[in-house]
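K.L.:
Right, I'll just put the structure down here and ask away after.
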Amino acid sequence: MVISTTTKAKLSDTTRTTIGLVVLSQDESAEDDFRTLFDETTRIHVSRIMSPDEISVESCLTMAPLITATASLFPRSVQLTSVGYGCTSATSVIGAERVSQLLKAGCDAANTTNPLTAAVAACSHLGVSKCGMVTPYVLEVNKTMIDQFEVLGSITTECLVSFVESNDYQVARIDPESMYEAAVKLAEDNVGKIDFLFLSCTNLRTLSVISQIENETGIPCLSSNLCWAWHMAQQSGAKLNSQVQSKLIQSSSAMRK
């Protein structure tokens, strides 16, 4: 015989700084990077947006109509202090302001951002404007990135190296050592012409080589996910993990002291 009883549950206060990520369905790197970059006091909610296998200007545009609906899937009972859309290239194609509008139409977020807007903010914070860019993108996508850096932040891309890889599955499998070698060579070949490096794409596995690149080149090395997380931390007041070494995080920590 089964005897059924009832009991009253005690409800606990789950109030913590909470951020929301709209991550591409094909992205394998962003979530790992965010959970590395933020300390355990920050709650991270993720909503996945359907994204193309092949990245091109045309395929990036297909995500625009899906952003609002994807952002609406975050828990409505949670106050999100910052929500970010996680595609650098698509933001450059769709437009940063439009991406922000689409996010706000889907959720009640105090702040919104994306890796492109975040990178521009990071450059302003560090006082740098002459970029050496490393990307996985095809030529037409590279051009949109260069143009939007100029438009949004008066950042000039002085030199660029690309792996010319349009397939997002392959992008996630680019060895970090390849990025290290490409970035260091780019800096060595352009001494005096650039004052920072930018590794563009949320699906690139960059965190493990950023400090190495900075130590080797002597200039800041930024990446899509590093800038994106940093900007969301600035917006939300969430704490970044001090164990992650980069000139961007170190300079932010120094300002808070």
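For the structure tokens, the naming scheme is as follows: chains receive sequential letters (A, B, ...) according to their order of presentation, residues are indexed from 1 within each chain, and ligands are indexed from 1 in presentation order.
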Any chance you could tabulate, as CSV, the residues of segment 226-251 of chain A at most 10 Å from segment 66-86 of chain A with each one's nearest atom pair and distance in Å to one decimal, using only C-alpha atoms, in chain and rising number order?
P.N.:
residue,atom,partner,partner_atom,distance
A:Trp228,CA,A:Gly84,CA,7.7
A:Ala229,CA,A:Gly84,CA,9.0
A:His231,CA,A:Ser82,CA,9.2
A:Met232,CA,A:Ser82,CA,6.0
A:Ala233,CA,A:Ser82,CA,8.3
A:Gln234,CA,A:Ser82,CA,9.4
A:Gln235,CA,A:Ser82,CA,6.4
A:Ser236,CA,A:Thr81,CA,5.2
A:Gly237,CA,A:Thr81,CA,8.5
A:Ala238,CA,A:Thr81,CA,9.1
K.L.:
So that I have them on file, write out the residues from the current selection with all heavy atoms, as a PDB file, in the first residue's frame.
P.N.:
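Saved file out.pdb follows:
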ATOM      1  N   TRP A 228      33.674  39.960 -24.902  1.00  0.00           N
ATOM      2  CA  TRP A 228      32.250  39.776 -24.625  1.00  0.00           C
ATOM      3  C   TRP A 228      32.009  39.566 -23.130  1.00  0.00           C
ATOM      4  O   TRP A 228      31.161  40.233 -22.513  1.00  0.00           O
ATOM      5  CB  TRP A 228      31.750  38.585 -25.440  1.00  0.00           C
ATOM      6  CG  TRP A 228      30.291  38.301 -25.375  1.00  0.00           C
ATOM      7  CD1 TRP A 228      29.282  39.152 -25.007  1.00  0.00           C
ATOM      8  CD2 TRP A 228      29.653  37.060 -25.704  1.00  0.00           C
ATOM      9  NE1 TRP A 228      28.064  38.518 -25.080  1.00  0.00           N
ATOM     10  CE2 TRP A 228      28.261  37.240 -25.510  1.00  0.00           C
ATOM     11  CE3 TRP A 228      30.123  35.824 -26.145  1.00  0.00           C
ATOM     12  CZ2 TRP A 228      27.346  36.215 -25.729  1.00  0.00           C
ATOM     13  CZ3 TRP A 228      29.211  34.810 -26.378  1.00  0.00           C
ATOM     14  CH2 TRP A 228      27.840  35.000 -26.171  1.00  0.00           C
ATOM     15  N   ALA A 229      32.778  38.684 -22.514  1.00  0.00           N
ATOM     16  CA  ALA A 229      32.637  38.426 -21.071  1.00  0.00           C
ATOM     17  C   ALA A 229      33.011  39.663 -20.259  1.00  0.00           C
ATOM     18  O   ALA A 229      32.319  40.016 -19.285  1.00  0.00           O
ATOM     19  CB  ALA A 229      33.512  37.243 -20.670  1.00  0.00           C
ATOM     20  N   HIS A 231      32.832  42.803 -21.118  1.00  0.00           N
ATOM     21  CA  HIS A 231      31.822  43.850 -21.237  1.00  0.00           C
ATOM     22  C   HIS A 231      30.579  43.507 -20.424  1.00  0.00           C
ATOM     23  O   HIS A 231      29.974  44.387 -19.787  1.00  0.00           O
ATOM     24  CB  HIS A 231      31.452  44.069 -22.708  1.00  0.00           C
ATOM     25  CG  HIS A 231      30.794  45.391 -22.959  1.00  0.00           C
ATOM     26  ND1 HIS A 231      29.723  45.549 -23.808  1.00  0.00           N
ATOM     27  CD2 HIS A 231      31.063  46.634 -22.460  1.00  0.00           C
ATOM     28  CE1 HIS A 231      29.366  46.818 -23.832  1.00  0.00           C
ATOM     29  NE2 HIS A 231      30.160  47.498 -23.026  1.00  0.00           N
ATOM     30  N   MET A 232      30.199  42.234 -20.405  1.00  0.00           N
ATOM     31  CA  MET A 232      29.054  41.825 -19.597  1.00  0.00           C
ATOM     32  C   MET A 232      29.364  41.978 -18.109  1.00  0.00           C
ATOM     33  O   MET A 232      28.476  42.309 -17.316  1.00  0.00           O
ATOM     34  CB  MET A 232      28.645  40.397 -19.937  1.00  0.00           C
ATOM     35  CG  MET A 232      28.103  40.267 -21.358  1.00  0.00           C
ATOM     36  SD  MET A 232      27.410  38.638 -21.749  1.00  0.00           S
ATOM     37  CE  MET A 232      25.775  38.791 -21.011  1.00  0.00           C
ATOM     38  N   ALA A 233      30.603  41.766 -17.733  1.00  0.00           N
ATOM     39  CA  ALA A 233      31.000  41.984 -16.338  1.00  0.00           C
ATOM     40  C   ALA A 233      30.920  43.470 -16.000  1.00  0.00           C
ATOM     41  O   ALA A 233      30.476  43.842 -14.906  1.00  0.00           O
ATOM     42  CB  ALA A 233      32.413  41.460 -16.108  1.00  0.00           C
ATOM     43  N   GLN A 234      31.332  44.318 -16.935  1.00  0.00           N
ATOM     44  CA  GLN A 234      31.250  45.763 -16.716  1.00  0.00           C
ATOM     45  C   GLN A 234      29.796  46.195 -16.555  1.00  0.00           C
ATOM     46  O   GLN A 234      29.470  47.031 -15.712  1.00  0.00           O
ATOM     47  CB  GLN A 234      31.882  46.514 -17.891  1.00  0.00           C
ATOM     48  CG  GLN A 234      33.361  46.261 -18.110  1.00  0.00           C
ATOM     49  CD  GLN A 234      34.205  46.805 -16.991  1.00  0.00           C
ATOM     50  OE1 GLN A 234      34.753  46.058 -16.187  1.00  0.00           O
ATOM     51  NE2 GLN A 234      34.321  48.109 -16.903  1.00  0.00           N
ATOM     52  N   GLN A 235      28.916  45.630 -17.362  1.00  0.00           N
ATOM     53  CA  GLN A 235      27.503  45.998 -17.324  1.00  0.00           C
ATOM     54  C   GLN A 235      26.790  45.484 -16.079  1.00  0.00           C
ATOM     55  O   GLN A 235      25.887  46.142 -15.553  1.00  0.00           O
ATOM     56  CB  GLN A 235      26.793  45.458 -18.567  1.00  0.00           C
ATOM     57  CG  GLN A 235      27.188  46.131 -19.865  1.00  0.00           C
ATOM     58  CD  GLN A 235      26.443  45.565 -21.060  1.00  0.00           C
ATOM     59  OE1 GLN A 235      25.950  44.434 -21.020  1.00  0.00           O
ATOM     60  NE2 GLN A 235      26.334  46.336 -22.127  1.00  0.00           N
ATOM     61  N   SER A 236      27.179  44.306 -15.638  1.00  0.00           N
ATOM     62  CA  SER A 236      26.425  43.626 -14.574  1.00  0.00           C
ATOM     63  C   SER A 236      27.037  43.748 -13.188  1.00  0.00           C
ATOM     64  O   SER A 236      26.359  43.511 -12.183  1.00  0.00           O
ATOM     65  CB  SER A 236      26.289  42.138 -14.914  1.00  0.00           C
ATOM     66  OG  SER A 236      27.559  41.506 -14.882  1.00  0.00           O
ATOM     67  N   GLY A 237      28.316  44.069 -13.140  1.00  0.00           N
ATOM     68  CA  GLY A 237      29.008  44.073 -11.849  1.00  0.00           C
ATOM     69  C   GLY A 237      29.482  42.694 -11.433  1.00  0.00           C
ATOM     70  O   GLY A 237      30.013  42.516 -10.335  1.00  0.00           O
ATOM     71  N   ALA A 238      29.301  41.701 -12.312  1.00  0.00           N
ATOM     72  CA  ALA A 238      29.766  40.340 -12.016  1.00  0.00           C
ATOM     73  C   ALA A 238      31.289  40.307 -11.971  1.00  0.00           C
ATOM     74  O   ALA A 238      31.967  41.121 -12.601  1.00  0.00           O
ATOM     75  CB  ALA A 238      29.246  39.372 -13.080  1.00  0.00           C
TER      76      ALA A 238
END
K.L.:
Determine, counting only C-alpha atoms, which protein, DNA and RNA residues have an atom within 8 Å of an atom of segment 195-210 of chain A; residues of the same chain fewer than 3 positions away are not included. Present the result as a PyMOL selection string.
P.N.:
chain A and resi 27-30+33+86-89+115+128-136+168+171-177+179-180+183+187+192+213-214+219-226+245-246
K.L.:
Please identify which residues in segment 15-255 of chain A DSSP calls strand (DSSP E or B) from the backbone, and express them as an MDAnalysis selection string.
P.N.:
chainID A and resid 18:24 38 43:49 54 80 82:86 109 112:113 130:135 156:162 167 196:199 221:223 240
K.L.:
Which segment 175-225 of chain A residues have any atom within 8 Å of an atom of segment 142-164 of chain A, and for each, what is the nearest pair of atoms with distance in Å to one decimal, counting only C-alpha atoms, rows sorted by chain and number, as JSON lines?
P.N.:
{"residue": "A:Ala182", "atom": "CA", "partner": "A:Val161", "partner_atom": "CA", "distance": 7.2}
{"residue": "A:Leu186", "atom": "CA", "partner": "A:Val161", "partner_atom": "CA", "distance": 7.4}
{"residue": "A:Asn190", "atom": "CA", "partner": "A:Cys159", "partner_atom": "CA", "distance": 7.7}
{"residue": "A:Lys193", "atom": "CA", "partner": "A:Glu158", "partner_atom": "CA", "distance": 6.8}
{"residue": "A:Ile194", "atom": "CA", "partner": "A:Glu158", "partner_atom": "CA", "distance": 6.6}
K.L.:
Rank A:Gln250, A:Asp53, A:Lys104, A:Asn241 by their smallest atom-to-atom distance to Asp39 of chain A, using only C-alpha atoms, and report the top residue only.
P.N.:
A:Asn241
K.L.:
Would you compute the distance between atom CA of Ser242 of chain A and atom CA of Asn215 of chain A? Give it in Å to one decimal.
P.N.:
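Between atom CA of Ser242 of chain A and atom CA of Asn215 of chain A the gap is 17.4 Å.
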K.L.:
Need to verify the contact set: Ala90 of chain A, 10 Å, only C-alpha atoms, exclusion of same-chain residues closer than 2 positions in sequence. Can you return it as a short mmCIF file (atom, residue, chain, number, x, y, z; two decimals) with all heavy atoms, in the first residue's frame?
P.N.:
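Final file, out-v5.cif:
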data_model
loop_
_atom_site.label_atom_id
_atom_site.label_comp_id
_atom_site.auth_asym_id
_atom_site.auth_seq_id
_atom_site.Cartn_x
_atom_site.Cartn_y
_atom_site.Cartn_z
N ILE A 55 29.47 29.89 -42.60
CA ILE A 55 29.38 31.30 -42.24
C ILE A 55 29.71 32.17 -43.45
O ILE A 55 30.81 32.11 -43.99
CB ILE A 55 30.33 31.64 -41.08
CG1 ILE A 55 29.97 30.79 -39.85
CG2 ILE A 55 30.26 33.13 -40.75
CD1 ILE A 55 28.58 31.02 -39.32
N SER A 56 28.73 32.97 -43.84
CA SER A 56 28.89 33.93 -44.94
C SER A 56 28.03 35.13 -44.60
O SER A 56 27.26 35.11 -43.62
CB SER A 56 28.44 33.32 -46.27
OG SER A 56 27.04 33.09 -46.25
N VAL A 57 28.15 36.19 -45.37
CA VAL A 57 27.32 37.36 -45.13
C VAL A 57 25.84 36.98 -45.22
O VAL A 57 25.03 37.36 -44.38
CB VAL A 57 27.65 38.48 -46.14
CG1 VAL A 57 26.59 39.59 -46.10
CG2 VAL A 57 29.03 39.07 -45.83
N GLU A 58 25.49 36.21 -46.22
CA GLU A 58 24.10 35.80 -46.42
C GLU A 58 23.60 34.92 -45.27
O GLU A 58 22.49 35.11 -44.77
CB GLU A 58 23.93 35.07 -47.75
CG GLU A 58 24.11 35.93 -48.98
CD GLU A 58 25.56 36.28 -49.26
OE1 GLU A 58 26.47 35.59 -48.72
OE2 GLU A 58 25.80 37.25 -50.00
N SER A 59 24.40 33.96 -44.85
CA SER A 59 23.94 33.06 -43.79
C SER A 59 23.86 33.77 -42.44
O SER A 59 23.00 33.45 -41.60
CB SER A 59 24.87 31.84 -43.70
OG SER A 59 26.16 32.20 -43.24
N CYS A 60 24.71 34.76 -42.21
CA CYS A 60 24.64 35.53 -40.96
C CYS A 60 23.30 36.26 -40.86
O CYS A 60 22.71 36.36 -39.77
CB CYS A 60 25.78 36.54 -40.90
SG CYS A 60 27.40 35.82 -40.48
N LEU A 61 22.82 36.76 -41.97
CA LEU A 61 21.56 37.50 -41.97
C LEU A 61 20.37 36.63 -41.59
O LEU A 61 19.36 37.13 -41.09
CB LEU A 61 21.32 38.12 -43.35
CG LEU A 61 22.20 39.33 -43.71
CD1 LEU A 61 22.03 39.70 -45.17
CD2 LEU A 61 21.88 40.52 -42.81
N THR A 62 20.47 35.31 -41.80
CA THR A 62 19.35 34.42 -41.49
C THR A 62 19.08 34.34 -39.99
O THR A 62 18.00 33.91 -39.57
CB THR A 62 19.59 33.00 -42.03
OG1 THR A 62 20.71 32.41 -41.33
CG2 THR A 62 19.87 33.01 -43.52
N MET A 63 20.05 34.73 -39.18
CA MET A 63 19.85 34.67 -37.73
C MET A 63 19.07 35.85 -37.18
O MET A 63 18.46 35.74 -36.11
CB MET A 63 21.20 34.56 -37.01
CG MET A 63 21.82 33.17 -37.10
SD MET A 63 23.33 33.02 -36.11
CE MET A 63 24.54 33.69 -37.24
N ALA A 64 19.06 36.97 -37.87
CA ALA A 64 18.40 38.17 -37.37
C ALA A 64 16.95 37.92 -36.96
O ALA A 64 16.54 38.33 -35.85
CB ALA A 64 18.49 39.30 -38.40
N TYR A 85 24.39 38.63 -27.35
CA TYR A 85 24.27 37.78 -28.54
C TYR A 85 25.67 37.39 -29.00
O TYR A 85 26.50 38.25 -29.29
CB TYR A 85 23.53 38.53 -29.64
CG TYR A 85 23.59 37.87 -31.00
CD1 TYR A 85 22.97 36.64 -31.22
CD2 TYR A 85 24.23 38.47 -32.07
CE1 TYR A 85 23.01 36.03 -32.47
CE2 TYR A 85 24.28 37.88 -33.32
CZ TYR A 85 23.66 36.66 -33.52
OH TYR A 85 23.71 36.07 -34.75
N GLY A 86 25.93 36.09 -29.10
CA GLY A 86 27.28 35.61 -29.28
C GLY A 86 27.71 35.28 -30.69
O GLY A 86 28.06 34.13 -30.95
N CYS A 87 27.72 36.26 -31.57
CA CYS A 87 28.34 36.04 -32.88
C CYS A 87 28.96 37.34 -33.36
O CYS A 87 28.24 38.31 -33.63
CB CYS A 87 27.33 35.52 -33.90
SG CYS A 87 28.11 35.05 -35.47
N THR A 88 30.26 37.37 -33.45
CA THR A 88 30.98 38.57 -33.86
C THR A 88 30.68 38.92 -35.31
O THR A 88 30.36 40.06 -35.65
CB THR A 88 32.50 38.38 -33.67
OG1 THR A 88 32.76 37.58 -32.54
CG2 THR A 88 33.20 39.72 -33.54
N SER A 92 28.41 42.07 -37.06
CA SER A 92 28.96 43.03 -38.03
C SER A 92 28.09 43.13 -39.27
O SER A 92 28.02 44.17 -39.91
CB SER A 92 30.40 42.64 -38.41
OG SER A 92 30.43 41.51 -39.25
N VAL A 93 27.41 42.03 -39.61
CA VAL A 93 26.55 42.01 -40.80
C VAL A 93 25.17 42.59 -40.48
O VAL A 93 24.64 43.42 -41.23
CB VAL A 93 26.40 40.56 -41.33
CG1 VAL A 93 25.37 40.51 -42.45
CG2 VAL A 93 27.74 40.02 -41.83
N ILE A 94 24.57 42.15 -39.37
CA ILE A 94 23.22 42.60 -39.00
C ILE A 94 23.23 44.04 -38.50
O ILE A 94 22.31 44.81 -38.75
CB ILE A 94 22.63 41.67 -37.91
CG1 ILE A 94 22.49 40.25 -38.45
CG2 ILE A 94 21.28 42.18 -37.41
CD1 ILE A 94 22.22 39.21 -37.37
N GLY A 95 24.29 44.39 -37.80
CA GLY A 95 24.41 45.71 -37.19
C GLY A 95 24.26 45.62 -35.68
O GLY A 95 23.31 45.03 -35.18
N ALA A 96 25.18 46.21 -34.95
CA ALA A 96 25.20 46.11 -33.49
C ALA A 96 23.95 46.71 -32.86
O ALA A 96 23.38 46.15 -31.91
CB ALA A 96 26.45 46.78 -32.93
N VAL A 99 20.98 44.38 -33.41
CA VAL A 99 21.08 43.22 -32.53
C VAL A 99 20.58 43.58 -31.13
O VAL A 99 19.84 42.81 -30.51
CB VAL A 99 22.53 42.69 -32.48
CG1 VAL A 99 22.72 41.72 -31.32
CG2 VAL A 99 22.90 42.01 -33.79
N ASN A 114 27.28 42.39 -27.33
CA ASN A 114 27.70 41.36 -28.28
C ASN A 114 29.21 41.47 -28.40
O ASN A 114 29.80 42.46 -27.94
CB ASN A 114 27.01 41.59 -29.64
CG ASN A 114 27.34 42.97 -30.18
OD1 ASN A 114 28.44 43.21 -30.68
ND2 ASN A 114 26.40 43.90 -30.05
N LEU A 116 31.23 42.23 -30.82
CA LEU A 116 31.75 43.37 -31.58
C LEU A 116 31.67 44.66 -30.77
O LEU A 116 32.67 45.39 -30.65
CB LEU A 116 30.96 43.51 -32.89
CG LEU A 116 31.36 44.67 -33.80
CD1 LEU A 116 32.81 44.55 -34.22
CD2 LEU A 116 30.45 44.73 -35.03
N VAL A 141 33.30 38.29 -45.19
CA VAL A 141 33.01 38.47 -43.76
C VAL A 141 34.11 39.30 -43.11
O VAL A 141 33.84 40.16 -42.26
CB VAL A 141 32.83 37.12 -43.05
CG1 VAL A 141 32.60 37.32 -41.55
CG2 VAL A 141 31.67 36.34 -43.66
N THR A 144 33.38 42.97 -43.60
CA THR A 144 32.37 43.57 -42.72
C THR A 144 32.96 43.86 -41.34
O THR A 144 32.63 44.88 -40.72
CB THR A 144 31.13 42.67 -42.55
OG1 THR A 144 31.47 41.47 -41.86
CG2 THR A 144 30.52 42.33 -43.90
N MET A 145 33.83 42.97 -40.85
CA MET A 145 34.47 43.19 -39.55
C MET A 145 35.33 44.45 -39.60
O MET A 145 35.27 45.30 -38.70
CB MET A 145 35.33 41.98 -39.18
CG MET A 145 34.55 40.80 -38.66
SD MET A 145 33.73 41.15 -37.08
CE MET A 145 35.10 41.74 -36.12
N CYS A 201 35.97 35.67 -33.38
CA CYS A 201 35.03 34.54 -33.53
C CYS A 201 34.83 33.87 -32.18
O CYS A 201 35.80 33.46 -31.52
CB CYS A 201 35.49 33.49 -34.54
SG CYS A 201 34.22 32.22 -34.82
#
K.L.:
For atom CA of Phe38 of chain A and atom CA of Gly218 of chain A, determine how far apart the two atoms are, in Å to one decimal place.
P.N.:
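Going from atom CA of Phe38 of chain A over to atom CA of Gly218 of chain A covers 25.2 Å.
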K.L.:
I need the residues in segment 31-159 of chain A that are alpha helix (DSSP H) according to DSSP; give them as a count of residues only.
P.N.:
62
K.L.:
Select, from A:Ser4, A:Thr112, A:Gln212, A:Ser178, the residue with the minimum atom-to-atom distance to Val22 of chain A, counting only C-alpha atoms.
P.N.:
A:Thr112
K.L.:
Have a look at atom CA of Arg48 of chain A and atom CA of Leu24 of chain A and let me know their distance in Å, one decimal.
P.N.:
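Computing the Euclidean distance for atom CA of Arg48 of chain A and atom CA of Leu24 of chain A yields 5.6 Å.
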K.L.:
Select, from A:Thr36, A:Thr41, A:Ser51, A:Ser124, the residue with the minimum atom-to-atom distance to Asn167 of chain A, counting only C-alpha atoms.
P.N.:
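So, comparing all the options, the nearest one is A:Ser51.
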